[in-house]
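Visitor: Take a look at entry.pdb, PDB, C-alpha atoms, pLDDT in the B column:
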```pdb
ATOM      1  CA  MET Z   1      23.007  38.965 150.056  1.00 73.00           C
ATOM      2  CA  LYS Z   2      25.173  37.002 152.459  1.00 80.00           C
ATOM      3  CA  ARG Z   3      28.238  38.743 153.851  1.00 78.00           C
ATOM      4  CA  LYS Z   4      31.593  37.048 153.675  1.00 82.00           C
ATOM      5  CA  PRO Z   5      32.852  36.627 157.259  1.00 80.00           C
ATOM      6  CA  ILE Z   6      35.820  38.707 158.372  1.00 82.00           C
ATOM      7  CA  ASN Z   7      38.579  36.845 160.162  1.00 88.00           C
ATOM      8  CA  PHE Z   8      38.862  38.628 163.518  1.00 90.00           C
ATOM      9  CA  LYS Z   9      42.177  40.286 164.209  1.00 93.00           C
ATOM     10  CA  LEU Z  10      43.018  42.720 167.001  1.00 93.00           C
ATOM     11  CA  GLU Z  11      46.767  42.958 167.326  1.00 95.00           C
ATOM     12  CA  ALA Z  12      49.819  45.156 167.068  1.00 96.00           C
ATOM     13  CA  LYS Z  13      53.017  43.968 165.384  1.00 96.00           C
ATOM     14  CA  LYS Z  14      56.226  45.968 165.613  1.00 96.00           C
ATOM     15  CA  GLU Z  15      58.157  45.962 162.334  1.00 95.00           C
ATOM     16  CA  GLY Z  16      61.248  48.126 162.622  1.00 93.00           C
ATOM     17  CA  ASP Z  17      60.314  51.719 163.415  1.00 95.00           C
ATOM     18  CA  VAL Z  18      56.625  51.141 162.630  1.00 96.00           C
ATOM     19  CA  THR Z  19      53.926  49.218 164.474  1.00 97.00           C
ATOM     20  CA  LYS Z  20      51.209  47.670 162.325  1.00 97.00           C
ATOM     21  CA  VAL Z  21      47.862  47.654 164.137  1.00 97.00           C
ATOM     22  CA  TYR Z  22      45.043  45.452 162.862  1.00 96.00           C
ATOM     23  CA  LEU Z  23      41.371  46.045 163.747  1.00 95.00           C
ATOM     24  CA  TYR Z  24      39.389  43.389 161.872  1.00 95.00           C
ATOM     25  CA  GLY Z  25      35.842  42.612 162.981  1.00 91.00           C
ATOM     26  CA  ASP Z  26      32.629  44.203 164.169  1.00 88.00           C
ATOM     27  CA  ILE Z  27      32.749  47.148 166.564  1.00 93.00           C
ATOM     28  CA  VAL Z  28      30.671  47.154 169.756  1.00 93.00           C
ATOM     29  CA  ASP Z  29      30.365  49.567 172.692  1.00 93.00           C
ATOM     30  CA  GLU Z  30      31.702  47.127 175.277  1.00 90.00           C
ATOM     31  CA  GLN Z  31      32.300  43.450 175.883  1.00 86.00           C
ATOM     32  CA  PRO Z  32      28.845  41.830 175.478  1.00 87.00           C
ATOM     33  CA  VAL Z  33      27.400  40.069 178.520  1.00 89.00           C
ATOM     34  CA  ASN Z  34      24.638  37.551 179.029  1.00 89.00           C
ATOM     35  CA  PRO Z  35      21.665  39.564 180.369  1.00 90.00           C
ATOM     36  CA  TRP Z  36      20.589  36.698 182.639  1.00 93.00           C
ATOM     37  CA  THR Z  37      23.912  35.728 184.196  1.00 92.00           C
ATOM     38  CA  GLY Z  38      26.053  38.830 183.717  1.00 89.00           C
ATOM     39  CA  GLU Z  39      28.855  36.655 182.334  1.00 92.00           C
ATOM     40  CA  GLN Z  40      30.859  37.909 179.381  1.00 86.00           C
ATOM     41  CA  LEU Z  41      29.830  36.337 176.099  1.00 83.00           C
ATOM     42  CA  LYS Z  42      32.525  34.406 174.299  1.00 82.00           C
ATOM     43  CA  GLY Z  43      33.514  35.732 170.924  1.00 78.00           C
ATOM     44  CA  ASP Z  44      35.702  38.235 169.194  1.00 85.00           C
ATOM     45  CA  TYR Z  45      34.757  41.868 169.551  1.00 88.00           C
ATOM     46  CA  ILE Z  46      36.420  45.214 168.954  1.00 93.00           C
ATOM     47  CA  PHE Z  47      35.497  47.813 171.558  1.00 93.00           C
ATOM     48  CA  PRO Z  48      37.102  51.073 172.715  1.00 95.00           C
ATOM     49  CA  GLU Z  49      38.597  49.791 175.978  1.00 94.00           C
ATOM     50  CA  LYS Z  50      40.334  46.893 174.241  1.00 94.00           C
ATOM     51  CA  VAL Z  51      41.640  49.124 171.429  1.00 95.00           C
ATOM     52  CA  ARG Z  52      42.937  51.661 173.956  1.00 96.00           C
ATOM     53  CA  GLN Z  53      44.821  48.923 175.822  1.00 95.00           C
ATOM     54  CA  LEU Z  54      46.311  47.686 172.559  1.00 96.00           C
ATOM     55  CA  LEU Z  55      47.415  51.146 171.431  1.00 96.00           C
ATOM     56  CA  GLU Z  56      48.917  51.971 174.828  1.00 94.00           C
ATOM     57  CA  SER Z  57      51.314  49.056 174.291  1.00 94.00           C
ATOM     58  CA  VAL Z  58      52.704  50.587 171.072  1.00 95.00           C
ATOM     59  CA  GLU Z  59      56.245  51.843 171.637  1.00 94.00           C
ATOM     60  CA  THR Z  60      57.060  53.212 168.177  1.00 95.00           C
ATOM     61  CA  GLY Z  61      56.280  56.751 167.049  1.00 95.00           C
ATOM     62  CA  ASP Z  62      54.653  55.553 163.829  1.00 96.00           C
ATOM     63  CA  ILE Z  63      51.537  53.403 163.507  1.00 97.00           C
ATOM     64  CA  GLU Z  64      50.210  51.812 160.328  1.00 97.00           C
ATOM     65  CA  LEU Z  65      46.514  51.161 161.021  1.00 96.00           C
ATOM     66  CA  HIS Z  66      44.640  48.461 159.087  1.00 96.00           C
ATOM     67  CA  ILE Z  67      40.839  48.343 159.480  1.00 95.00           C
ATOM     68  CA  ASN Z  68      38.437  45.753 158.064  1.00 93.00           C
ATOM     69  CA  SER Z  69      34.927  45.900 159.485  1.00 90.00           C
ATOM     70  CA  TYR Z  70      31.314  45.756 158.397  1.00 87.00           C
ATOM     71  CA  GLY Z  71      30.691  48.404 161.039  1.00 85.00           C
ATOM     72  CA  GLY Z  72      28.837  48.274 164.286  1.00 90.00           C
ATOM     73  CA  SER Z  73      28.429  50.920 166.957  1.00 93.00           C
ATOM     74  CA  VAL Z  74      28.893  54.467 165.709  1.00 95.00           C
ATOM     75  CA  PHE Z  75      29.486  55.647 169.282  1.00 96.00           C
ATOM     76  CA  ALA Z  76      32.274  53.116 169.854  1.00 96.00           C
ATOM     77  CA  SER Z  77      33.821  53.956 166.489  1.00 94.00           C
ATOM     78  CA  VAL Z  78      33.885  57.670 167.319  1.00 95.00           C
ATOM     79  CA  ALA Z  79      35.467  56.918 170.699  1.00 96.00           C
ATOM     80  CA  ILE Z  80      38.186  54.837 169.013  1.00 95.00           C
ATOM     81  CA  TYR Z  81      38.755  57.543 166.384  1.00 95.00           C
ATOM     82  CA  SER Z  82      39.018  60.250 169.050  1.00 95.00           C
ATOM     83  CA  TYR Z  83      41.563  58.254 171.038  1.00 95.00           C
ATOM     84  CA  ILE Z  84      43.691  57.637 167.923  1.00 94.00           C
ATOM     85  CA  LYS Z  85      43.484  61.309 166.955  1.00 94.00           C
ATOM     86  CA  GLU Z  86      44.679  62.426 170.407  1.00 94.00           C
ATOM     87  CA  MET Z  87      47.676  60.048 170.440  1.00 93.00           C
ATOM     88  CA  ASP Z  88      51.115  61.593 170.171  1.00 93.00           C
ATOM     89  CA  LYS Z  89      51.992  59.306 167.258  1.00 95.00           C
ATOM     90  CA  ASN Z  90      52.038  59.481 163.469  1.00 95.00           C
ATOM     91  CA  VAL Z  91      49.130  57.313 162.305  1.00 95.00           C
ATOM     92  CA  THR Z  92      48.637  56.164 158.731  1.00 95.00           C
ATOM     93  CA  CYS Z  93      45.386  54.385 158.014  1.00 93.00           C
TER
END
```
In structure tokens, write the structure found in this file.
Guide:
Amino acid sequence: MKRKPINFKLEAKKEGDVTKVYLYGDIVDEQPVNPWTGEQLKGDYIFPEKVRQLLESVETGDIELHINSYGGSVFASVAIYSYIKEMDKNVTC
């Protein structure tokens, strides 16, 4: 069965007193690199460092989190979850 592709989205949009955060795409441990050259591979990826940077930019006390992903790295997902859980913000998923 062929999966329908997910349109990548990793952004935060402030709407009044709430910031809507979108995490759409596959989750990886870190930015993939070419094993031969060491250069970062082009493409859209969700990984903990990038999510942390995005969430640190949120200025509101309330976050509405939207997630659409086929999955990926369990370790990266747990790291993202732990960071969100430790934030001093009200998060609705």
Visitor: Any chance you could resolve the PyMOL selection byres ((chain Z and resi 11-24) around 10) against this file and give the residues as number ranges by chain?
Guide: Z: 6-10, 25-27, 44-47, 51, 54-55, 57-70, 90-93
Visitor: Take the residues that were just selected and, keeping C-alpha atoms, output them as a compact mmCIF listing (two decimals), keeping the file's coordinate frame.
Guide:
```txt
# COMPACT_ATOMS: atom_id res chain seq x y z
CA ILE Z 6 35.82 38.71 158.37
CA ASN Z 7 38.58 36.84 160.16
CA PHE Z 8 38.86 38.63 163.52
CA LYS Z 9 42.18 40.29 164.21
CA LEU Z 10 43.02 42.72 167.00
CA GLY Z 25 35.84 42.61 162.98
CA ASP Z 26 32.63 44.20 164.17
CA ILE Z 27 32.75 47.15 166.56
CA ASP Z 44 35.70 38.24 169.19
CA TYR Z 45 34.76 41.87 169.55
CA ILE Z 46 36.42 45.21 168.95
CA PHE Z 47 35.50 47.81 171.56
CA VAL Z 51 41.64 49.12 171.43
CA LEU Z 54 46.31 47.69 172.56
CA LEU Z 55 47.42 51.15 171.43
CA SER Z 57 51.31 49.06 174.29
CA VAL Z 58 52.70 50.59 171.07
CA GLU Z 59 56.24 51.84 171.64
CA THR Z 60 57.06 53.21 168.18
CA GLY Z 61 56.28 56.75 167.05
CA ASP Z 62 54.65 55.55 163.83
CA ILE Z 63 51.54 53.40 163.51
CA GLU Z 64 50.21 51.81 160.33
CA LEU Z 65 46.51 51.16 161.02
CA HIS Z 66 44.64 48.46 159.09
CA ILE Z 67 40.84 48.34 159.48
CA ASN Z 68 38.44 45.75 158.06
CA SER Z 69 34.93 45.90 159.49
CA TYR Z 70 31.31 45.76 158.40
CA ASN Z 90 52.04 59.48 163.47
CA VAL Z 91 49.13 57.31 162.30
CA THR Z 92 48.64 56.16 158.73
CA CYS Z 93 45.39 54.38 158.01
```
Visitor: Between atom CA of Arg52 of chain Z and atom CA of Met87 of chain Z, what is the distance in Å, rounded to a tenth?
Guide: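 Interatomic distance here is 10.3 Å.
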Visitor: Starting from the PyMOL selection byres ((chain Z and resi 80) around 10), expand the selection into actual residues of this file and give them as JSON, numbers by chain.
Guide: {"Z": [27, 46, 47, 48, 49, 50, 51, 52, 74, 75, 76, 77, 78, 79, 81, 82, 83, 84, 85]}
Visitor: To one decimal place in Å, what is the distance between atom CA of Lys42 of chain Z and atom CA of Glu56 of chain Z?
Guide: 24.0 Å
Visitor: For segment 7-18 of chain Z, which lacks atoms in the input, supply all heavy atoms and format the output as a short mmCIF file (atom, residue, chain, number, x, y, z; two decimals), in the coordinates of the input.
Guide:
```cif
data_model
loop_
_atom_site.label_atom_id
_atom_site.label_comp_id
_atom_site.auth_asym_id
_atom_site.auth_seq_id
_atom_site.Cartn_x
_atom_site.Cartn_y
_atom_site.Cartn_z
N ASN Z 7 37.76 37.53 159.16
CA ASN Z 7 38.58 36.84 160.16
C ASN Z 7 39.02 37.87 161.20
O ASN Z 7 39.75 38.81 160.88
CB ASN Z 7 39.80 36.19 159.52
CG ASN Z 7 39.42 35.03 158.62
OD1 ASN Z 7 38.42 34.37 158.85
ND2 ASN Z 7 40.19 34.81 157.60
N PHE Z 8 38.58 37.69 162.43
CA PHE Z 8 38.86 38.63 163.52
C PHE Z 8 40.37 38.76 163.72
O PHE Z 8 41.11 37.79 163.71
CB PHE Z 8 38.21 38.15 164.82
CG PHE Z 8 38.50 39.04 165.98
CD1 PHE Z 8 37.77 40.19 166.17
CD2 PHE Z 8 39.51 38.74 166.88
CE1 PHE Z 8 38.02 41.03 167.24
CE2 PHE Z 8 39.77 39.56 167.95
CZ PHE Z 8 39.03 40.71 168.13
N LYS Z 9 40.78 40.01 163.94
CA LYS Z 9 42.18 40.29 164.21
C LYS Z 9 42.25 41.59 164.99
O LYS Z 9 41.76 42.62 164.54
CB LYS Z 9 42.94 40.40 162.89
CG LYS Z 9 44.43 40.38 162.99
CD LYS Z 9 45.01 40.40 161.56
CE LYS Z 9 46.44 39.98 161.55
NZ LYS Z 9 47.01 40.04 160.19
N LEU Z 10 42.81 41.53 166.18
CA LEU Z 10 43.02 42.72 167.00
C LEU Z 10 44.41 42.58 167.60
O LEU Z 10 44.60 41.93 168.63
CB LEU Z 10 41.95 42.82 168.10
CG LEU Z 10 42.04 44.01 169.03
CD1 LEU Z 10 41.90 45.32 168.26
CD2 LEU Z 10 40.99 43.94 170.12
N GLU Z 11 45.38 43.13 166.88
CA GLU Z 11 46.77 42.96 167.33
C GLU Z 11 47.65 44.08 166.83
O GLU Z 11 47.28 44.82 165.91
CB GLU Z 11 47.32 41.62 166.85
CG GLU Z 11 47.40 41.48 165.35
CD GLU Z 11 47.84 40.09 164.90
OE1 GLU Z 11 47.71 39.13 165.66
OE2 GLU Z 11 48.33 40.00 163.77
N ALA Z 12 48.81 44.19 167.45
CA ALA Z 12 49.82 45.16 167.07
C ALA Z 12 51.13 44.41 166.87
O ALA Z 12 51.54 43.64 167.73
CB ALA Z 12 49.98 46.22 168.15
N LYS Z 13 51.75 44.62 165.71
CA LYS Z 13 53.02 43.97 165.38
C LYS Z 13 54.06 45.03 165.07
O LYS Z 13 53.89 45.82 164.15
CB LYS Z 13 52.86 43.06 164.16
CG LYS Z 13 52.04 41.84 164.39
CD LYS Z 13 52.03 40.99 163.12
CE LYS Z 13 51.27 39.72 163.33
NZ LYS Z 13 51.26 38.88 162.11
N LYS Z 14 55.14 45.03 165.85
CA LYS Z 14 56.23 45.97 165.61
C LYS Z 14 57.09 45.44 164.48
O LYS Z 14 57.53 44.30 164.49
CB LYS Z 14 57.06 46.14 166.88
CG LYS Z 14 58.14 47.16 166.74
CD LYS Z 14 58.91 47.34 168.02
CE LYS Z 14 60.05 48.32 167.79
NZ LYS Z 14 60.93 48.39 168.94
N GLU Z 15 57.30 46.30 163.47
CA GLU Z 15 58.16 45.96 162.33
C GLU Z 15 59.11 47.13 162.11
O GLU Z 15 58.77 48.10 161.44
CB GLU Z 15 57.32 45.67 161.09
CG GLU Z 15 56.47 44.43 161.23
CD GLU Z 15 55.71 44.08 159.96
OE1 GLU Z 15 55.93 44.74 158.91
OE2 GLU Z 15 54.88 43.16 160.02
N GLY Z 16 60.27 47.03 162.71
CA GLY Z 16 61.25 48.13 162.62
C GLY Z 16 60.78 49.32 163.42
O GLY Z 16 60.48 49.22 164.61
N ASP Z 17 60.72 50.47 162.75
CA ASP Z 17 60.31 51.72 163.42
C ASP Z 17 58.81 51.95 163.36
O ASP Z 17 58.33 52.99 163.80
CB ASP Z 17 61.02 52.91 162.76
CG ASP Z 17 62.53 52.87 162.95
OD1 ASP Z 17 62.98 52.21 163.91
OD2 ASP Z 17 63.25 53.49 162.15
N VAL Z 18 58.07 51.00 162.80
CA VAL Z 18 56.62 51.14 162.63
C VAL Z 18 55.91 49.98 163.32
O VAL Z 18 56.39 48.86 163.32
CB VAL Z 18 56.25 51.14 161.12
CG1 VAL Z 18 54.75 51.19 160.93
CG2 VAL Z 18 56.92 52.29 160.40
#
```
